[in-house]
$ cat my_file09.pdb   # PDB, N, CA and C atoms, pLDDT in the B column
ATOM      1  N   MET P   1       1.337   7.350  -6.225  1.00 81.00           N
ATOM      2  CA  MET P   1       1.183   6.313  -5.237  1.00 81.00           C
ATOM      3  C   MET P   1       1.273   4.931  -5.864  1.00 81.00           C
ATOM      4  N   LYS P   2       0.705   4.805  -7.055  1.00 84.00           N
ATOM      5  CA  LYS P   2       0.765   3.490  -7.702  1.00 84.00           C
ATOM      6  C   LYS P   2       2.198   3.122  -8.045  1.00 84.00           C
ATOM      7  N   ARG P   3       2.995   4.114  -8.446  1.00 90.00           N
ATOM      8  CA  ARG P   3       4.401   3.860  -8.753  1.00 90.00           C
ATOM      9  C   ARG P   3       5.150   3.443  -7.487  1.00 90.00           C
ATOM     10  N   GLN P   4       4.861   4.114  -6.389  1.00 89.00           N
ATOM     11  CA  GLN P   4       5.495   3.770  -5.114  1.00 89.00           C
ATOM     12  C   GLN P   4       5.113   2.350  -4.705  1.00 89.00           C
ATOM     13  N   TRP P   5       3.842   1.977  -4.913  1.00 86.00           N
ATOM     14  CA  TRP P   5       3.394   0.629  -4.593  1.00 86.00           C
ATOM     15  C   TRP P   5       4.159  -0.388  -5.435  1.00 86.00           C
ATOM     16  N   GLU P   6       4.354  -0.079  -6.729  1.00 90.00           N
ATOM     17  CA  GLU P   6       5.075  -0.991  -7.614  1.00 90.00           C
ATOM     18  C   GLU P   6       6.515  -1.201  -7.144  1.00 90.00           C
ATOM     19  N   LEU P   7       7.162  -0.125  -6.698  1.00 90.00           N
ATOM     20  CA  LEU P   7       8.538  -0.250  -6.211  1.00 90.00           C
ATOM     21  C   LEU P   7       8.606  -1.119  -4.955  1.00 90.00           C
ATOM     22  N   ILE P   8       7.682  -0.891  -4.038  1.00 89.00           N
ATOM     23  CA  ILE P   8       7.666  -1.687  -2.807  1.00 89.00           C
ATOM     24  C   ILE P   8       7.317  -3.129  -3.121  1.00 89.00           C
ATOM     25  N   ASN P   9       6.389  -3.345  -4.049  1.00 87.00           N
ATOM     26  CA  ASN P   9       6.003  -4.701  -4.436  1.00 87.00           C
ATOM     27  C   ASN P   9       7.188  -5.437  -5.058  1.00 87.00           C
ATOM     28  N   LYS P  10       7.979  -4.742  -5.854  1.00 88.00           N
ATOM     29  CA  LYS P  10       9.157  -5.368  -6.458  1.00 88.00           C
ATOM     30  C   LYS P  10      10.131  -5.833  -5.374  1.00 88.00           C
ATOM     31  N   GLU P  11      10.353  -4.986  -4.371  1.00 84.00           N
ATOM     32  CA  GLU P  11      11.222  -5.369  -3.256  1.00 84.00           C
ATOM     33  C   GLU P  11      10.619  -6.543  -2.484  1.00 84.00           C
ATOM     34  N   TYR P  12       9.296  -6.505  -2.277  1.00 83.00           N
ATOM     35  CA  TYR P  12       8.601  -7.586  -1.578  1.00 83.00           C
ATOM     36  C   TYR P  12       8.759  -8.905  -2.331  1.00 83.00           C
ATOM     37  N   GLN P  13       8.653  -8.846  -3.647  1.00 84.00           N
ATOM     38  CA  GLN P  13       8.794 -10.056  -4.463  1.00 84.00           C
ATOM     39  C   GLN P  13      10.180 -10.668  -4.309  1.00 84.00           C
ATOM     40  N   ARG P  14      11.188  -9.828  -4.149  1.00 79.00           N
ATOM     41  CA  ARG P  14      12.537 -10.350  -3.924  1.00 79.00           C
ATOM     42  C   ARG P  14      12.582 -11.216  -2.671  1.00 79.00           C
ATOM     43  N   PHE P  15      11.884 -10.774  -1.626  1.00 72.00           N
ATOM     44  CA  PHE P  15      11.877 -11.523  -0.373  1.00 72.00           C
ATOM     45  C   PHE P  15      11.060 -12.805  -0.492  1.00 72.00           C
ATOM     46  N   THR P  16       9.895 -12.720  -1.119  1.00 73.00           N
ATOM     47  CA  THR P  16       9.008 -13.886  -1.140  1.00 73.00           C
ATOM     48  C   THR P  16       9.445 -14.941  -2.142  1.00 73.00           C
ATOM     49  N   LEU P  17      10.144 -14.549  -3.204  1.00 71.00           N
ATOM     50  CA  LEU P  17      10.609 -15.543  -4.171  1.00 71.00           C
ATOM     51  C   LEU P  17      11.751 -16.377  -3.606  1.00 71.00           C
ATOM     52  N   SER P  18      12.392 -15.861  -2.603  1.00 67.00           N
ATOM     53  CA  SER P  18      13.474 -16.611  -1.974  1.00 67.00           C
ATOM     54  C   SER P  18      13.127 -16.865  -0.510  1.00 67.00           C
ATOM     55  N   LEU P  19      12.064 -17.617  -0.285  1.00 61.00           N
ATOM     56  CA  LEU P  19      11.584 -17.880   1.069  1.00 61.00           C
ATOM     57  C   LEU P  19      12.647 -18.516   1.953  1.00 61.00           C
ATOM     58  N   PHE P  20      13.518 -19.272   1.346  1.00 65.00           N
ATOM     59  CA  PHE P  20      14.555 -19.937   2.131  1.00 65.00           C
ATOM     60  C   PHE P  20      15.615 -18.949   2.610  1.00 65.00           C
ATOM     61  N   ASN P  21      15.643 -17.762   2.021  1.00 71.00           N
ATOM     62  CA  ASN P  21      16.626 -16.754   2.407  1.00 71.00           C
ATOM     63  C   ASN P  21      16.111 -15.831   3.506  1.00 71.00           C
ATOM     64  N   LEU P  22      14.933 -16.091   4.040  1.00 69.00           N
ATOM     65  CA  LEU P  22      14.418 -15.296   5.151  1.00 69.00           C
ATOM     66  C   LEU P  22      14.952 -15.889   6.455  1.00 69.00           C
ATOM     67  N   ASP P  23      16.264 -15.967   6.512  1.00 76.00           N
ATOM     68  CA  ASP P  23      16.900 -16.649   7.630  1.00 76.00           C
ATOM     69  C   ASP P  23      17.318 -15.715   8.759  1.00 76.00           C
ATOM     70  N   THR P  24      17.149 -14.426   8.584  1.00 81.00           N
ATOM     71  CA  THR P  24      17.503 -13.505   9.659  1.00 81.00           C
ATOM     72  C   THR P  24      16.279 -12.678  10.031  1.00 81.00           C
ATOM     73  N   THR P  25      16.274 -12.188  11.243  1.00 85.00           N
ATOM     74  CA  THR P  25      15.133 -11.370  11.674  1.00 85.00           C
ATOM     75  C   THR P  25      15.073 -10.068  10.892  1.00 85.00           C
ATOM     76  N   GLY P  26      16.220  -9.537  10.464  1.00 84.00           N
ATOM     77  CA  GLY P  26      16.230  -8.311   9.665  1.00 84.00           C
ATOM     78  C   GLY P  26      15.500  -8.490   8.346  1.00 84.00           C
ATOM     79  N   LYS P  27      15.730  -9.614   7.686  1.00 81.00           N
ATOM     80  CA  LYS P  27      15.060  -9.886   6.415  1.00 81.00           C
ATOM     81  C   LYS P  27      13.560 -10.052   6.623  1.00 81.00           C
ATOM     82  N   VAL P  28      13.190 -10.732   7.690  1.00 82.00           N
ATOM     83  CA  VAL P  28      11.771 -10.932   7.992  1.00 82.00           C
ATOM     84  C   VAL P  28      11.108  -9.582   8.280  1.00 82.00           C
ATOM     85  N   HIS P  29      11.775  -8.728   9.037  1.00 88.00           N
ATOM     86  CA  HIS P  29      11.221  -7.406   9.355  1.00 88.00           C
ATOM     87  C   HIS P  29      11.068  -6.547   8.103  1.00 88.00           C
ATOM     88  N   ARG P  30      12.057  -6.608   7.186  1.00 86.00           N
ATOM     89  CA  ARG P  30      11.946  -5.834   5.942  1.00 86.00           C
ATOM     90  C   ARG P  30      10.778  -6.341   5.103  1.00 86.00           C
ATOM     91  N   LYS P  31      10.592  -7.658   5.050  1.00 84.00           N
ATOM     92  CA  LYS P  31       9.460  -8.232   4.310  1.00 84.00           C
ATOM     93  C   LYS P  31       8.141  -7.770   4.922  1.00 84.00           C
ATOM     94  N   GLU P  32       8.048  -7.815   6.252  1.00 89.00           N
ATOM     95  CA  GLU P  32       6.827  -7.376   6.928  1.00 89.00           C
ATOM     96  C   GLU P  32       6.581  -5.879   6.738  1.00 89.00           C
ATOM     97  N   GLU P  33       7.638  -5.092   6.715  1.00 91.00           N
ATOM     98  CA  GLU P  33       7.503  -3.650   6.476  1.00 91.00           C
ATOM     99  C   GLU P  33       6.984  -3.397   5.061  1.00 91.00           C
ATOM    100  N   CYS P  34       7.472  -4.154   4.094  1.00 89.00           N
ATOM    101  CA  CYS P  34       6.964  -4.035   2.720  1.00 89.00           C
ATOM    102  C   CYS P  34       5.470  -4.350   2.688  1.00 89.00           C
ATOM    103  N   GLU P  35       5.064  -5.405   3.368  1.00 91.00           N
ATOM    104  CA  GLU P  35       3.648  -5.778   3.410  1.00 91.00           C
ATOM    105  C   GLU P  35       2.807  -4.669   4.019  1.00 91.00           C
ATOM    106  N   ARG P  36       3.300  -4.065   5.109  1.00 94.00           N
ATOM    107  CA  ARG P  36       2.574  -2.989   5.778  1.00 94.00           C
ATOM    108  C   ARG P  36       2.451  -1.761   4.864  1.00 94.00           C
ATOM    109  N   GLN P  37       3.542  -1.403   4.189  1.00 93.00           N
ATOM    110  CA  GLN P  37       3.516  -0.238   3.308  1.00 93.00           C
ATOM    111  C   GLN P  37       2.593  -0.467   2.115  1.00 93.00           C
ATOM    112  N   MET P  38       2.627  -1.672   1.535  1.00 92.00           N
ATOM    113  CA  MET P  38       1.758  -1.957   0.391  1.00 92.00           C
ATOM    114  C   MET P  38       0.292  -1.901   0.805  1.00 92.00           C
ATOM    115  N   GLU P  39      -0.026  -2.434   1.976  1.00 94.00           N
ATOM    116  CA  GLU P  39      -1.407  -2.394   2.454  1.00 94.00           C
ATOM    117  C   GLU P  39      -1.877  -0.956   2.653  1.00 94.00           C
ATOM    118  N   MET P  40      -1.020  -0.125   3.235  1.00 93.00           N
ATOM    119  CA  MET P  40      -1.363   1.277   3.454  1.00 93.00           C
ATOM    120  C   MET P  40      -1.583   2.000   2.119  1.00 93.00           C
ATOM    121  N   LEU P  41      -0.685   1.760   1.159  1.00 92.00           N
ATOM    122  CA  LEU P  41      -0.826   2.395  -0.147  1.00 92.00           C
ATOM    123  C   LEU P  41      -2.075   1.914  -0.872  1.00 92.00           C
ATOM    124  N   GLU P  42      -2.400   0.623  -0.754  1.00 91.00           N
ATOM    125  CA  GLU P  42      -3.614   0.104  -1.387  1.00 91.00           C
ATOM    126  C   GLU P  42      -4.854   0.793  -0.829  1.00 91.00           C
ATOM    127  N   ARG P  43      -4.898   1.016   0.485  1.00 90.00           N
ATOM    128  CA  ARG P  43      -6.039   1.720   1.088  1.00 90.00           C
ATOM    129  C   ARG P  43      -6.112   3.158   0.587  1.00 90.00           C
ATOM    130  N   GLU P  44      -4.971   3.835   0.505  1.00 87.00           N
ATOM    131  CA  GLU P  44      -4.943   5.218   0.032  1.00 87.00           C
ATOM    132  C   GLU P  44      -5.345   5.310  -1.439  1.00 87.00           C
ATOM    133  N   ILE P  45      -4.852   4.399  -2.251  1.00 86.00           N
ATOM    134  CA  ILE P  45      -5.215   4.388  -3.678  1.00 86.00           C
ATOM    135  C   ILE P  45      -6.710   4.167  -3.827  1.00 86.00           C
ATOM    136  N   GLU P  46      -7.268   3.227  -3.072  1.00 86.00           N
ATOM    137  CA  GLU P  46      -8.706   2.957  -3.122  1.00 86.00           C
ATOM    138  C   GLU P  46      -9.496   4.192  -2.706  1.00 86.00           C
ATOM    139  N   ARG P  47      -9.062   4.839  -1.633  1.00 80.00           N
ATOM    140  CA  ARG P  47      -9.774   6.018  -1.143  1.00 80.00           C
ATOM    141  C   ARG P  47      -9.708   7.160  -2.164  1.00 80.00           C
ATOM    142  N   LEU P  48      -8.546   7.363  -2.773  1.00 79.00           N
ATOM    143  CA  LEU P  48      -8.391   8.453  -3.732  1.00 79.00           C
ATOM    144  C   LEU P  48      -9.007   8.138  -5.090  1.00 79.00           C
ATOM    145  N   SER P  49      -9.353   6.880  -5.329  1.00 81.00           N
ATOM    146  CA  SER P  49      -9.986   6.496  -6.595  1.00 81.00           C
ATOM    147  C   SER P  49     -11.472   6.824  -6.609  1.00 81.00           C
ATOM    148  N   LYS P  50     -12.024   7.184  -5.480  1.00 71.00           N
ATOM    149  CA  LYS P  50     -13.444   7.531  -5.407  1.00 71.00           C
ATOM    150  C   LYS P  50     -13.665   8.866  -6.097  1.00 71.00           C
ATOM    151  N   SER P  51     -14.904   9.147  -6.454  1.00 67.00           N
ATOM    152  CA  SER P  51     -15.184  10.339  -7.248  1.00 67.00           C
ATOM    153  C   SER P  51     -15.107  11.640  -6.463  1.00 67.00           C
ATOM    154  N   THR P  52     -15.491  11.650  -5.206  1.00 70.00           N
ATOM    155  CA  THR P  52     -15.513  12.878  -4.431  1.00 70.00           C
ATOM    156  C   THR P  52     -14.433  12.828  -3.359  1.00 70.00           C
ATOM    157  N   ILE P  53     -13.483  13.741  -3.442  1.00 67.00           N
ATOM    158  CA  ILE P  53     -12.391  13.818  -2.480  1.00 67.00           C
ATOM    159  C   ILE P  53     -12.489  15.162  -1.776  1.00 67.00           C
ATOM    160  N   ILE P  54     -12.437  15.141  -0.460  1.00 71.00           N
ATOM    161  CA  ILE P  54     -12.464  16.371   0.324  1.00 71.00           C
ATOM    162  C   ILE P  54     -11.172  16.416   1.131  1.00 71.00           C
ATOM    163  N   VAL P  55     -10.442  17.528   1.014  1.00 73.00           N
ATOM    164  CA  VAL P  55      -9.234  17.718   1.805  1.00 73.00           C
ATOM    165  C   VAL P  55      -9.536  18.804   2.819  1.00 73.00           C
ATOM    166  N   GLN P  56      -9.500  18.429   4.093  1.00 75.00           N
ATOM    167  CA  GLN P  56      -9.784  19.391   5.149  1.00 75.00           C
ATOM    168  C   GLN P  56      -8.552  20.239   5.419  1.00 75.00           C
ATOM    169  N   SER P  57      -8.754  21.372   6.091  1.00 75.00           N
ATOM    170  CA  SER P  57      -7.642  22.262   6.388  1.00 75.00           C
ATOM    171  C   SER P  57      -6.595  21.585   7.256  1.00 75.00           C
ATOM    172  N   SER P  58      -6.975  20.571   8.006  1.00 80.00           N
ATOM    173  CA  SER P  58      -6.020  19.833   8.833  1.00 80.00           C
ATOM    174  C   SER P  58      -5.141  18.908   7.999  1.00 80.00           C
ATOM    175  N   GLY P  59      -5.466  18.760   6.712  1.00 67.00           N
ATOM    176  CA  GLY P  59      -4.708  17.880   5.830  1.00 67.00           C
ATOM    177  C   GLY P  59      -5.306  16.500   5.706  1.00 67.00           C
ATOM    178  N   GLU P  60      -6.361  16.232   6.473  1.00 70.00           N
ATOM    179  CA  GLU P  60      -7.018  14.930   6.415  1.00 70.00           C
ATOM    180  C   GLU P  60      -7.783  14.806   5.100  1.00 70.00           C
ATOM    181  N   VAL P  61      -7.655  13.650   4.460  1.00 64.00           N
ATOM    182  CA  VAL P  61      -8.349  13.393   3.196  1.00 64.00           C
ATOM    183  C   VAL P  61      -9.554  12.523   3.491  1.00 64.00           C
ATOM    184  N   ILE P  62     -10.715  12.969   3.025  1.00 63.00           N
ATOM    185  CA  ILE P  62     -11.949  12.210   3.214  1.00 63.00           C
ATOM    186  C   ILE P  62     -12.516  11.918   1.830  1.00 63.00           C
ATOM    187  N   ALA P  63     -12.826  10.671   1.578  1.00 60.00           N
ATOM    188  CA  ALA P  63     -13.432  10.281   0.314  1.00 60.00           C
ATOM    189  C   ALA P  63     -14.889   9.934   0.577  1.00 60.00           C
ATOM    190  N   ARG P  64     -15.757  10.593  -0.126  1.00 60.00           N
ATOM    191  CA  ARG P  64     -17.179  10.282   0.002  1.00 60.00           C
ATOM    192  C   ARG P  64     -17.572   9.286  -1.069  1.00 60.00           C
ATOM    193  N   PRO P  65     -18.410   8.337  -0.720  1.00 56.00           N
ATOM    194  CA  PRO P  65     -18.847   7.360  -1.739  1.00 56.00           C
ATOM    195  C   PRO P  65     -19.687   8.071  -2.794  1.00 56.00           C
ATOM    196  N   GLU P  66     -19.629   7.524  -3.986  1.00 59.00           N
ATOM    197  CA  GLU P  66     -20.412   8.083  -5.079  1.00 59.00           C
ATOM    198  C   GLU P  66     -21.891   7.985  -4.763  1.00 59.00           C
ATOM    199  N   THR P  67     -22.625   9.008  -5.094  1.00 52.00           N
ATOM    200  CA  THR P  67     -24.073   8.960  -4.948  1.00 52.00           C
ATOM    201  C   THR P  67     -24.660   8.673  -6.323  1.00 52.00           C
ATOM    202  N   SER P  68     -25.688   7.873  -6.352  1.00 47.00           N
ATOM    203  CA  SER P  68     -26.288   7.554  -7.636  1.00 47.00           C
ATOM    204  C   SER P  68     -27.058   8.762  -8.159  1.00 47.00           C
ATOM    205  N   LYS P  69     -26.889   9.006  -9.461  1.00 48.00           N
ATOM    206  CA  LYS P  69     -27.555  10.137 -10.097  1.00 48.00           C
ATOM    207  C   LYS P  69     -28.857   9.644 -10.709  1.00 48.00           C
ATOM    208  N   ARG P  70     -29.927  10.339 -10.394  1.00 41.00           N
ATOM    209  CA  ARG P  70     -31.237   9.914 -10.922  1.00 41.00           C
ATOM    210  C   ARG P  70     -31.779  10.933 -11.850  1.00 41.00           C
TER     211      ARG P  70
END

$ encode --input "my_file09.pdb" --output "structure tokens"
Amino acid sequence: MKRQWELINKEYQRFTLSLFNLDTTGKVHRKEECERQMEMLEREIERLSKSTIIVQSSGEVIARPETSKR
């Protein structure tokens, strides 16, 4: 997932470094799609970085917060 985020971020950087080239709606939509995908991947990476991961039979991934050990 981190590699996928890096690839999307690289494409996003192409759009944002040339702000003056966002002259068509297609370019703007691709930039916004990159932003949406990066945000989704960041949430997934954060969720999967937690210590306890539960995968239900439905395929849903649930991350439980770490409990403090005493």

$ residues_near_point --input "my_file09.pdb" --point "(8.0, -12.0, -3.3)" --cutoff "12 Å" --atoms "only C-alpha atoms" --output "PDB file with N, CA and C atoms, in the frame of the given file"
ATOM      1  N   ILE P   8       7.682  -0.891  -4.038  1.00 89.00           N
ATOM      2  CA  ILE P   8       7.666  -1.687  -2.807  1.00 89.00           C
ATOM      3  C   ILE P   8       7.317  -3.129  -3.121  1.00 89.00           C
ATOM      4  N   ASN P   9       6.389  -3.345  -4.049  1.00 87.00           N
ATOM      5  CA  ASN P   9       6.003  -4.701  -4.436  1.00 87.00           C
ATOM      6  C   ASN P   9       7.188  -5.437  -5.058  1.00 87.00           C
ATOM      7  N   LYS P  10       7.979  -4.742  -5.854  1.00 88.00           N
ATOM      8  CA  LYS P  10       9.157  -5.368  -6.458  1.00 88.00           C
ATOM      9  C   LYS P  10      10.131  -5.833  -5.374  1.00 88.00           C
ATOM     10  N   GLU P  11      10.353  -4.986  -4.371  1.00 84.00           N
ATOM     11  CA  GLU P  11      11.222  -5.369  -3.256  1.00 84.00           C
ATOM     12  C   GLU P  11      10.619  -6.543  -2.484  1.00 84.00           C
ATOM     13  N   TYR P  12       9.296  -6.505  -2.277  1.00 83.00           N
ATOM     14  CA  TYR P  12       8.601  -7.586  -1.578  1.00 83.00           C
ATOM     15  C   TYR P  12       8.759  -8.905  -2.331  1.00 83.00           C
ATOM     16  N   GLN P  13       8.653  -8.846  -3.647  1.00 84.00           N
ATOM     17  CA  GLN P  13       8.794 -10.056  -4.463  1.00 84.00           C
ATOM     18  C   GLN P  13      10.180 -10.668  -4.309  1.00 84.00           C
ATOM     19  N   ARG P  14      11.188  -9.828  -4.149  1.00 79.00           N
ATOM     20  CA  ARG P  14      12.537 -10.350  -3.924  1.00 79.00           C
ATOM     21  C   ARG P  14      12.582 -11.216  -2.671  1.00 79.00           C
ATOM     22  N   PHE P  15      11.884 -10.774  -1.626  1.00 72.00           N
ATOM     23  CA  PHE P  15      11.877 -11.523  -0.373  1.00 72.00           C
ATOM     24  C   PHE P  15      11.060 -12.805  -0.492  1.00 72.00           C
ATOM     25  N   THR P  16       9.895 -12.720  -1.119  1.00 73.00           N
ATOM     26  CA  THR P  16       9.008 -13.886  -1.140  1.00 73.00           C
ATOM     27  C   THR P  16       9.445 -14.941  -2.142  1.00 73.00           C
ATOM     28  N   LEU P  17      10.144 -14.549  -3.204  1.00 71.00           N
ATOM     29  CA  LEU P  17      10.609 -15.543  -4.171  1.00 71.00           C
ATOM     30  C   LEU P  17      11.751 -16.377  -3.606  1.00 71.00           C
ATOM     31  N   SER P  18      12.392 -15.861  -2.603  1.00 67.00           N
ATOM     32  CA  SER P  18      13.474 -16.611  -1.974  1.00 67.00           C
ATOM     33  C   SER P  18      13.127 -16.865  -0.510  1.00 67.00           C
ATOM     34  N   LEU P  19      12.064 -17.617  -0.285  1.00 61.00           N
ATOM     35  CA  LEU P  19      11.584 -17.880   1.069  1.00 61.00           C
ATOM     36  C   LEU P  19      12.647 -18.516   1.953  1.00 61.00           C
ATOM     37  N   PHE P  20      13.518 -19.272   1.346  1.00 65.00           N
ATOM     38  CA  PHE P  20      14.555 -19.937   2.131  1.00 65.00           C
ATOM     39  C   PHE P  20      15.615 -18.949   2.610  1.00 65.00           C
ATOM     40  N   ASN P  21      15.643 -17.762   2.021  1.00 71.00           N
ATOM     41  CA  ASN P  21      16.626 -16.754   2.407  1.00 71.00           C
ATOM     42  C   ASN P  21      16.111 -15.831   3.506  1.00 71.00           C
ATOM     43  N   LEU P  22      14.933 -16.091   4.040  1.00 69.00           N
ATOM     44  CA  LEU P  22      14.418 -15.296   5.151  1.00 69.00           C
ATOM     45  C   LEU P  22      14.952 -15.889   6.455  1.00 69.00           C
ATOM     46  N   VAL P  28      13.190 -10.732   7.690  1.00 82.00           N
ATOM     47  CA  VAL P  28      11.771 -10.932   7.992  1.00 82.00           C
ATOM     48  C   VAL P  28      11.108  -9.582   8.280  1.00 82.00           C
ATOM     49  N   ARG P  30      12.057  -6.608   7.186  1.00 86.00           N
ATOM     50  CA  ARG P  30      11.946  -5.834   5.942  1.00 86.00           C
ATOM     51  C   ARG P  30      10.778  -6.341   5.103  1.00 86.00           C
ATOM     52  N   LYS P  31      10.592  -7.658   5.050  1.00 84.00           N
ATOM     53  CA  LYS P  31       9.460  -8.232   4.310  1.00 84.00           C
ATOM     54  C   LYS P  31       8.141  -7.770   4.922  1.00 84.00           C
ATOM     55  N   GLU P  32       8.048  -7.815   6.252  1.00 89.00           N
ATOM     56  CA  GLU P  32       6.827  -7.376   6.928  1.00 89.00           C
ATOM     57  C   GLU P  32       6.581  -5.879   6.738  1.00 89.00           C
ATOM     58  N   CYS P  34       7.472  -4.154   4.094  1.00 89.00           N
ATOM     59  CA  CYS P  34       6.964  -4.035   2.720  1.00 89.00           C
ATOM     60  C   CYS P  34       5.470  -4.350   2.688  1.00 89.00           C
ATOM     61  N   GLU P  35       5.064  -5.405   3.368  1.00 91.00           N
ATOM     62  CA  GLU P  35       3.648  -5.778   3.410  1.00 91.00           C
ATOM     63  C   GLU P  35       2.807  -4.669   4.019  1.00 91.00           C
TER      64      GLU P  35
END

$ atom_distance --input "my_file09.pdb" --atom1 "atom N of Gln4 (chain P)" --atom2 "atom N of Glu33 (chain P)"
16.3 Å

$ axis_aligned_box --input "my_file09.pdb" --around "region 29-44 of chain P" --padding-each-side "6 Å" --output "AutoDock Vina command-line options"
--center_x 3.0 --center_y -1.7 --center_z 4.0 --size_x 30.2 --size_y 26.0 --size_z 22.8

$ atom_distance --input "my_file09.pdb" --atom1 "atom N of Asp23 (chain P)" --atom2 "atom N of Leu7 (chain P)"
22.5 Å

$ atom_distance --input "my_file09.pdb" --atom1 "atom C of Thr52 (chain P)" --atom2 "atom C of Arg3 (chain P)"
22.1 Å
